[in-house]
Amino acid sequence: MKRFITASVLTLGLFFVSFHPAQAATVASNLSGRILLQVQDKGQAWYVNPANKMAYYMGRPTDASELIKRLGTGITDYDLRKIPVAPMNYYGTPDADRDGISDAFEQVYGTDMNNPDTDYDGYPDVVELNNGYSPFGAGTQSYDMAFAKSQKGKILIQVQRGGAAWYVNPTNLKAYYLGKPQDAFNVMRALGLGVSNETLAQIPGTYIGNYPYYTATADRYSLRIFNTDNVGTADVNGVRTFSNSYGTDRIEDITNVMHSGSNTIHFKMYNDTGSYTWGFEVKKNGRVIFSESAGTVGQVGANYNDLTKTYQDVYDKMVTLSDSGAVTVTGYQAPTPTPPPPPTTRWYMRVYNADDKESAVINNQYTYTTTFGQDAGYTDITNLLHSGNNTIDFKTWNEVGAYAWGFQILKDNTVVFDEHEGTAGTMGAYSNDGSKPNQFVYNKTVTINQSGLVSVRNNIVPTPPTRWYIREYNGDDKQTMVINNQYSYATTTFGQDSGFIDITDRLHAGNNTLDFKTWNDQGGYTWGFQIRKNNTVVFDENAGVAGIVGAYNNDASRSNQYIYNKTLTLNEAGVASVHNNLSF
C-alpha cells in the first residue's frame with residue numbers, strides 16, 4: 001500500500017511544501033517560475049511570473065492558454081535549441097513518419113515530420129534527441145546551460161514558428177512544448193508544486209481569467225493588437241498582458257489589471273526578417289483614446305516596405321493614461337525612410353495545375369496556396385520583392401494517389417521559369433505514379449533578381465538509384481539480420497520466408513555490415529539468406545530443407561547454439577566480404 005501511494009503522488013507531480021511566516025519576504029523569489037497547486041483548494045493552479053514575482057491564476061485550459069500568450073517572452077529557433085528538450089511531450093499522434101515524435105512537435109522544433117532521420121546520418125531523430133545529439137547535423141546538440149539557467153521558469157514564444165509556446169522547468173532546466181490549450185494545461189499541472197493557502201497568500205497576486213485579486217476601476221478599458229508582423233506585445237503596469245503573432249487581430253478587456261491613478265501600457269513589435277507592420281489601439285469606455293498602425297500585414301510593410309531591420313524591435317512605445325484622461329506617448333519609432341523609386345520591371349507569379357495542394361512563399365514571408373485543380377492566375381508580386389536576390393519556395397503536397405504541379409514566374413511579359421508535370425484530374429506526373437502518399441512531391445527554391453532567374457535548387461533528396469533487399473527463408477529454428485549493428489530486421493522462425501525487404505534507406509555511403517544468424521533449438525537445422533541489388537541476387541547461402549532434411553546430412557549434434565553466423569560487408573559495388581563468426 002505504501003508503494004502505491006508514493007507512485008500516485010509522483011504521477012500527479014504534487015509535492016507539498018509550506019513556509020514559516022518568517023520566510024515570507026523570500027517566498028516569491030524561492031518559487032519564481034514555478035507552477036503551484038493549491039492543495040487546500042482542489043489543486044487550483046498558479047504560475048509565479050519570474051519577471052515580477054507575482055502569482056497568476058491558471059484556472060481552466062483556456063485561462064492557462066491566455067496566461068501563456070500574455071506572459072510569454074519571444075525566442076528564436078536558434079536560442080530555443082540551446083535548451084534541452086523534455087521527452088515527455090514530443091510523443092503523440094499523428095506521427096506521419098512514425099519516428100516516435102508527433103507531427104505537432106516536429107513542426108515547431110524544426111525536424112522533418114515526413115522523414116524519421118532529418119539529417120540523413122543514419123540515426124532516427126528520436127534517438128538523437130534522447131541522447132543529446134543534433135537531429136539537424138553532425139555532432140551533439142549545442143546546449144548552453146548558462147543560457148538555459150537564464151530562462152528558467154519563463155514561458156517562451158517562438159517568434160519564427162507562429163507563436164509556439166514552451167515552458168522552461170526551473171527544477172531541470174528543460175523546455176516543455178505546451179501545444180494546444182489542453183496539452184499546455186496538462187503539462188503545467190504535471191510539473192506543479194503543492195503549496196498551502198498560507199504560502200500562496202504570501203505571494204503578491206494578480207490574475208488572468210475569473211479569479212481576481214484586484215478590484216477593477218470604474219471605467220472599462222480594452223486593448224487591441226492587430227496588423228501584426230511578426231510578434232506584438234503589451235505590458236500593462238509592468239505586467240505582460242498578452243502577445244500577438246503574425247497576421248492575428250486580438251481585442252482584450254484589460255479593466256481588471258488597471259487601477260486608479262496613472263497606468264502605463266508598453267507596446268512593442270518585434271520583426272524576424274523582411275518587412276514589418278504593426279497596429280496598437282486602446283479604448284476607454286468604448287472610445288478610442290490611442291491608435292497607431294503602419295503597413296498592411298501580408299501585403300506591404302511599414303516605411304515603404306523597409307527590409308533593413310531583422311531580429312529587432314521595430315516599434316517600442318510607452319502609453320501613459322492619467323486620471324484626467326490625458327494620453328502621453330513616449331518612445332522610439334524608426335524615422336520614415338525616403339521612398340524608393342517605382343520599379344520599372346513588373347514580376348508575376350502563377351501557381352496552377354495543383355494536385356493536391358501547392359504553395360509559394362516569397363522571401364520566407366508571403367504565402368500563396370492553391371488546392372486540387374485550381375489555377376491562381378498571374379499575381380503581381382513586384383512590391384513584395386526587394387533589391388538583390390529574392391527567393392520563391394514552390395511546393396506541392398500529395399495526399400494519396402497520383403499528383404501534379406505547375407509553377408511559373410514572369411518578368412514583364414517573358415516567362416523566366418515554368419515547371420509543370422502531369423494534368424490535375426486527368427493524368428498524374430511520371431505516368432500516373434501513385435507511390436508517394438502524404439509527402440512533398442515537388443519542393444524547389446527559385447532565386448531571382450533584377451536581371452532574371454539566378455538559380456533553382458531542388459530541396460527533395462532524390463531516391464537512390466540502387467535499391468537493396470534482403471530475404472530470410474528456409475529457417476530452422478530462428479533467423480535474424482542486423483544492419484550496421486543498429487537496425488534489426490526480419491526475425492523469422494521455423495520454415496518462415498520473410499520475402500524481399502527493402503533496406504536501402506538504412507544503408508549509408510561506404511561499407512555497411514549485415515549480420516546473418518540462425519539459431520538451432522535441437523535436432524536438425526537449416527538456413528537460407530539472400531541479398532538482392534535491384535533485381536539481381538548478389539548473395540545466397542542456404543543448407544538443408546526445413547521440415548524435410550537438415551544441413552550436413554541431417555546433423556543433430558548442435559543444440560541450443562548458433563549454427564550459422566556470418567558478417568557481410570556491403571557497399572555500392574556489391575558484397576565486399578563475408579566473414580564466418582563460427583569455428584566450424
# chains A, B, ... in the order shown; residues from 1 in each chain; ligands from 1
$ closest_atom_pairs --of "stretch 173-258 of chain A" --to "stretch 130-148 of chain A" --cutoff "10 Å" --atoms "only C-alpha atoms" --output "tab-separated table"
residue	atom	partner	partner_atom	distance
A:Leu173	CA	A:Ala148	CA	6.0
A:Lys174	CA	A:Ala148	CA	7.7
A:Ala175	CA	A:Ala148	CA	8.7
$ residues_around --residues "A:Arg250" --least-positions-apart "2" --cutoff "7 Å" --atoms "only C-alpha atoms" --output "PyMOL selection string"
chain A and resi 224-226+248+252
$ residues_around --residues "stretch 368-377 of chain A" --least-positions-apart "6" --cutoff "7 Å" --atoms "only C-alpha atoms" --output "PyMOL selection string"
chain A and resi 350-361+424-425
$ write_last_selection --atoms "C-alpha atoms" --output "PDB file, in the first residue's frame"
ATOM      1  CA  ARG A 350       1.392  31.750 -61.236  1.00  0.00           C
ATOM      2  CA  VAL A 351       0.535  28.646 -59.177  1.00  0.00           C
ATOM      3  CA  TYR A 352      -1.587  26.195 -61.182  1.00  0.00           C
ATOM      4  CA  ASN A 353      -2.345  22.528 -62.035  1.00  0.00           C
ATOM      5  CA  ALA A 354      -2.369  21.579 -58.336  1.00  0.00           C
ATOM      6  CA  ASP A 355      -2.796  18.026 -57.081  1.00  0.00           C
ATOM      7  CA  ASP A 356      -3.297  18.033 -54.166  1.00  0.00           C
ATOM      8  CA  LYS A 357      -2.025  21.273 -52.557  1.00  0.00           C
ATOM      9  CA  GLU A 358       0.509  23.836 -53.789  1.00  0.00           C
ATOM     10  CA  SER A 359       2.151  26.773 -52.065  1.00  0.00           C
ATOM     11  CA  ALA A 360       4.541  29.575 -52.945  1.00  0.00           C
ATOM     12  CA  VAL A 361       6.426  31.538 -50.282  1.00  0.00           C
ATOM     13  CA  ALA A 424      -4.599  17.515 -62.401  1.00  0.00           C
ATOM     14  CA  GLY A 425      -7.648  15.254 -62.546  1.00  0.00           C
TER      15      GLY A 425
END
$ select_by_dssp --residues "stretch 80-245 of chain A" --states "helix (DSSP H, G or I)" --output "ChimeraX atom specification"
/A:80,87-89,103-109,125-130,145-150,181-190,197-201
$ residues_around --residues "A:Val545" --least-positions-apart "6" --cutoff "9 Å" --atoms "only C-alpha atoms" --output "list in words"
Asn474, Gly475, Asp476, Gly495, Tyr525, Thr526, Trp527 and Ala551 of chain A
$ closest_residue --among "A:Val257, A:Val300, A:Leu156, A:Ile83" --to "A:Gly33" --atoms "only C-alpha atoms"
A:Leu156
$ closest_residue --among "A:Phe185, A:Tyr469, A:Phe440, A:Tyr90" --to "A:Ala104" --atoms "only C-alpha atoms"
A:Tyr90
$ residues_around --residues "A:Asn389" --least-positions-apart "6" --cutoff "9 Å" --atoms "only C-alpha atoms" --output "number ranges by chain"
A: 447-450, 454
$ write_last_selection --atoms "all heavy atoms" --output "PDB file, in the first residue's frame"
ATOM      1  N   THR A 447      15.592  31.379 -57.112  1.00  0.00           N
ATOM      2  CA  THR A 447      16.182  32.666 -56.764  1.00  0.00           C
ATOM      3  C   THR A 447      16.160  33.571 -57.997  1.00  0.00           C
ATOM      4  O   THR A 447      16.590  33.164 -59.080  1.00  0.00           O
ATOM      5  CB  THR A 447      17.627  32.508 -56.266  1.00  0.00           C
ATOM      6  OG1 THR A 447      17.629  31.640 -55.127  1.00  0.00           O
ATOM      7  CG2 THR A 447      18.217  33.855 -55.863  1.00  0.00           C
ATOM      8  N   ILE A 448      15.629  34.787 -57.820  1.00  0.00           N
ATOM      9  CA  ILE A 448      15.562  35.758 -58.910  1.00  0.00           C
ATOM     10  C   ILE A 448      16.125  37.088 -58.431  1.00  0.00           C
ATOM     11  O   ILE A 448      16.140  37.369 -57.227  1.00  0.00           O
ATOM     12  CB  ILE A 448      14.117  35.959 -59.424  1.00  0.00           C
ATOM     13  CG1 ILE A 448      13.210  36.449 -58.281  1.00  0.00           C
ATOM     14  CG2 ILE A 448      13.569  34.693 -60.053  1.00  0.00           C
ATOM     15  CD1 ILE A 448      11.793  36.800 -58.740  1.00  0.00           C
ATOM     16  N   ASN A 449      16.598  37.890 -59.360  1.00  0.00           N
ATOM     17  CA  ASN A 449      16.946  39.284 -59.065  1.00  0.00           C
ATOM     18  C   ASN A 449      16.560  40.134 -60.279  1.00  0.00           C
ATOM     19  O   ASN A 449      15.907  39.649 -61.200  1.00  0.00           O
ATOM     20  CB  ASN A 449      18.427  39.429 -58.692  1.00  0.00           C
ATOM     21  CG  ASN A 449      19.365  38.972 -59.799  1.00  0.00           C
ATOM     22  OD1 ASN A 449      19.019  38.992 -60.981  1.00  0.00           O
ATOM     23  ND2 ASN A 449      20.564  38.550 -59.409  1.00  0.00           N
ATOM     24  N   GLN A 450      16.948  41.378 -60.269  1.00  0.00           N
ATOM     25  CA  GLN A 450      16.515  42.293 -61.313  1.00  0.00           C
ATOM     26  C   GLN A 450      16.903  41.818 -62.709  1.00  0.00           C
ATOM     27  O   GLN A 450      16.228  42.107 -63.702  1.00  0.00           O
ATOM     28  CB  GLN A 450      17.098  43.700 -61.063  1.00  0.00           C
ATOM     29  CG  GLN A 450      16.475  44.805 -61.876  1.00  0.00           C
ATOM     30  CD  GLN A 450      14.988  44.997 -61.576  1.00  0.00           C
ATOM     31  OE1 GLN A 450      14.530  44.692 -60.497  1.00  0.00           O
ATOM     32  NE2 GLN A 450      14.226  45.509 -62.555  1.00  0.00           N
ATOM     33  N   VAL A 454      18.174  33.432 -61.282  1.00  0.00           N
ATOM     34  CA  VAL A 454      19.538  33.221 -60.802  1.00  0.00           C
ATOM     35  C   VAL A 454      19.836  31.738 -60.634  1.00  0.00           C
ATOM     36  O   VAL A 454      20.846  31.227 -61.124  1.00  0.00           O
ATOM     37  CB  VAL A 454      19.773  33.957 -59.466  1.00  0.00           C
ATOM     38  CG1 VAL A 454      21.164  33.644 -58.913  1.00  0.00           C
ATOM     39  CG2 VAL A 454      19.598  35.452 -59.643  1.00  0.00           C
TER      40      VAL A 454
END
$ atom_distance --atom1 "atom CA of A:Thr382" --atom2 "atom CA of A:His420"
22.9 Å
$ closest_residue --among "A:Ser557, A:Gln202, A:Ser245, A:Thr308" --to "A:Gly524" --atoms "only C-alpha atoms"
A:Ser557
$ residues_around --residues "A:Asp316" --least-positions-apart "2" --cutoff "8 Å" --atoms "only C-alpha atoms" --output "PyMOL selection string"
chain A and resi 266-269+313-314+318+331-333
$ write_last_selection --atoms "C-alpha atoms" --output "mmCIF file, in the first residue's frame"
data_model
loop_
_atom_site.group_PDB
_atom_site.id
_atom_site.type_symbol
_atom_site.label_atom_id
_atom_site.label_comp_id
_atom_site.auth_asym_id
_atom_site.auth_seq_id
_atom_site.Cartn_x
_atom_site.Cartn_y
_atom_site.Cartn_z
ATOM 1 C CA HIS A 266 4.141 49.371 -23.077
ATOM 2 C CA PHE A 267 3.709 48.354 -26.733
ATOM 3 C CA LYS A 268 6.390 46.555 -28.755
ATOM 4 C CA MET A 269 6.561 44.956 -32.199
ATOM 5 C CA ASP A 313 12.086 45.693 -32.124
ATOM 6 C CA VAL A 314 10.720 47.957 -34.857
ATOM 7 C CA MET A 318 5.059 53.671 -23.690
ATOM 8 C CA GLY A 331 9.406 56.036 -27.007
ATOM 9 C CA TYR A 332 11.324 55.297 -30.161
ATOM 10 C CA GLN A 333 9.922 54.889 -33.647
#
$ residues_around --residues "A:Ser222" --least-positions-apart "3" --cutoff "8 Å" --atoms "only C-alpha atoms" --output "PyMOL selection string"
chain A and resi 251-255+282-284+286
$ write_last_selection --atoms "N, CA, C and O atoms" --output "short mmCIF file (atom, residue, chain, number, x, y, z; two decimals), in the first residue's frame"
data_model
loop_
_atom_site.label_atom_id
_atom_site.label_comp_id
_atom_site.auth_asym_id
_atom_site.auth_seq_id
_atom_site.Cartn_x
_atom_site.Cartn_y
_atom_site.Cartn_z
N ILE A 251 -8.53 41.53 -29.41
CA ILE A 251 -9.03 42.59 -28.53
C ILE A 251 -9.25 41.97 -27.15
O ILE A 251 -9.88 40.92 -27.04
N GLU A 252 -8.74 42.60 -26.09
CA GLU A 252 -8.89 42.10 -24.74
C GLU A 252 -9.38 43.21 -23.81
O GLU A 252 -8.95 44.36 -23.91
N ASP A 253 -10.29 42.84 -22.89
CA ASP A 253 -10.70 43.76 -21.83
C ASP A 253 -9.61 43.72 -20.76
O ASP A 253 -9.31 42.66 -20.20
N ILE A 254 -8.99 44.87 -20.48
CA ILE A 254 -7.89 44.91 -19.51
C ILE A 254 -8.28 45.67 -18.25
O ILE A 254 -7.43 46.03 -17.44
N THR A 255 -9.58 45.88 -18.05
CA THR A 255 -10.05 46.66 -16.90
C THR A 255 -9.51 46.10 -15.60
O THR A 255 -9.08 46.86 -14.71
N VAL A 282 -6.02 51.46 -27.93
CA VAL A 282 -6.57 51.43 -26.58
C VAL A 282 -7.92 52.15 -26.60
O VAL A 282 -8.04 53.23 -27.18
N LYS A 283 -8.92 51.52 -25.95
CA LYS A 283 -10.23 52.16 -25.82
C LYS A 283 -10.58 52.32 -24.35
O LYS A 283 -10.27 51.46 -23.52
N LYS A 284 -11.25 53.46 -24.05
CA LYS A 284 -11.77 53.71 -22.71
C LYS A 284 -13.27 53.92 -22.84
O LYS A 284 -13.72 54.83 -23.54
N GLY A 286 -15.30 52.29 -24.60
CA GLY A 286 -15.71 52.14 -25.99
C GLY A 286 -15.17 53.18 -26.94
O GLY A 286 -15.37 53.08 -28.15
#
$ closest_residue --among "A:Ile155, A:Leu193, A:Leu410, A:Val187" --to "A:Thr379" --atoms "only C-alpha atoms"
A:Leu410
$ select_by_dssp --residues "stretch 25-204 of chain A" --states "strand (DSSP E or B)" --output "VMD selection string"
chain A and resid 35 to 38 44 to 49 54 to 57 73 to 75 85 133 140 155 to 158 165 to 169 174 to 177 193 to 195
$ atom_distance --atom1 "atom CA of A:Asn554" --atom2 "atom CA of A:Asn542"
13.8 Å
$ closest_residue --among "A:Met113, A:Ala556, A:Leu582, A:Leu37" --to "A:Asn520" --atoms "only C-alpha atoms"
A:Ala556
$ closest_residue --among "A:Gln479, A:Thr491, A:Asn172, A:Thr466" --to "A:Gly528" --atoms "only C-alpha atoms"
A:Gln479
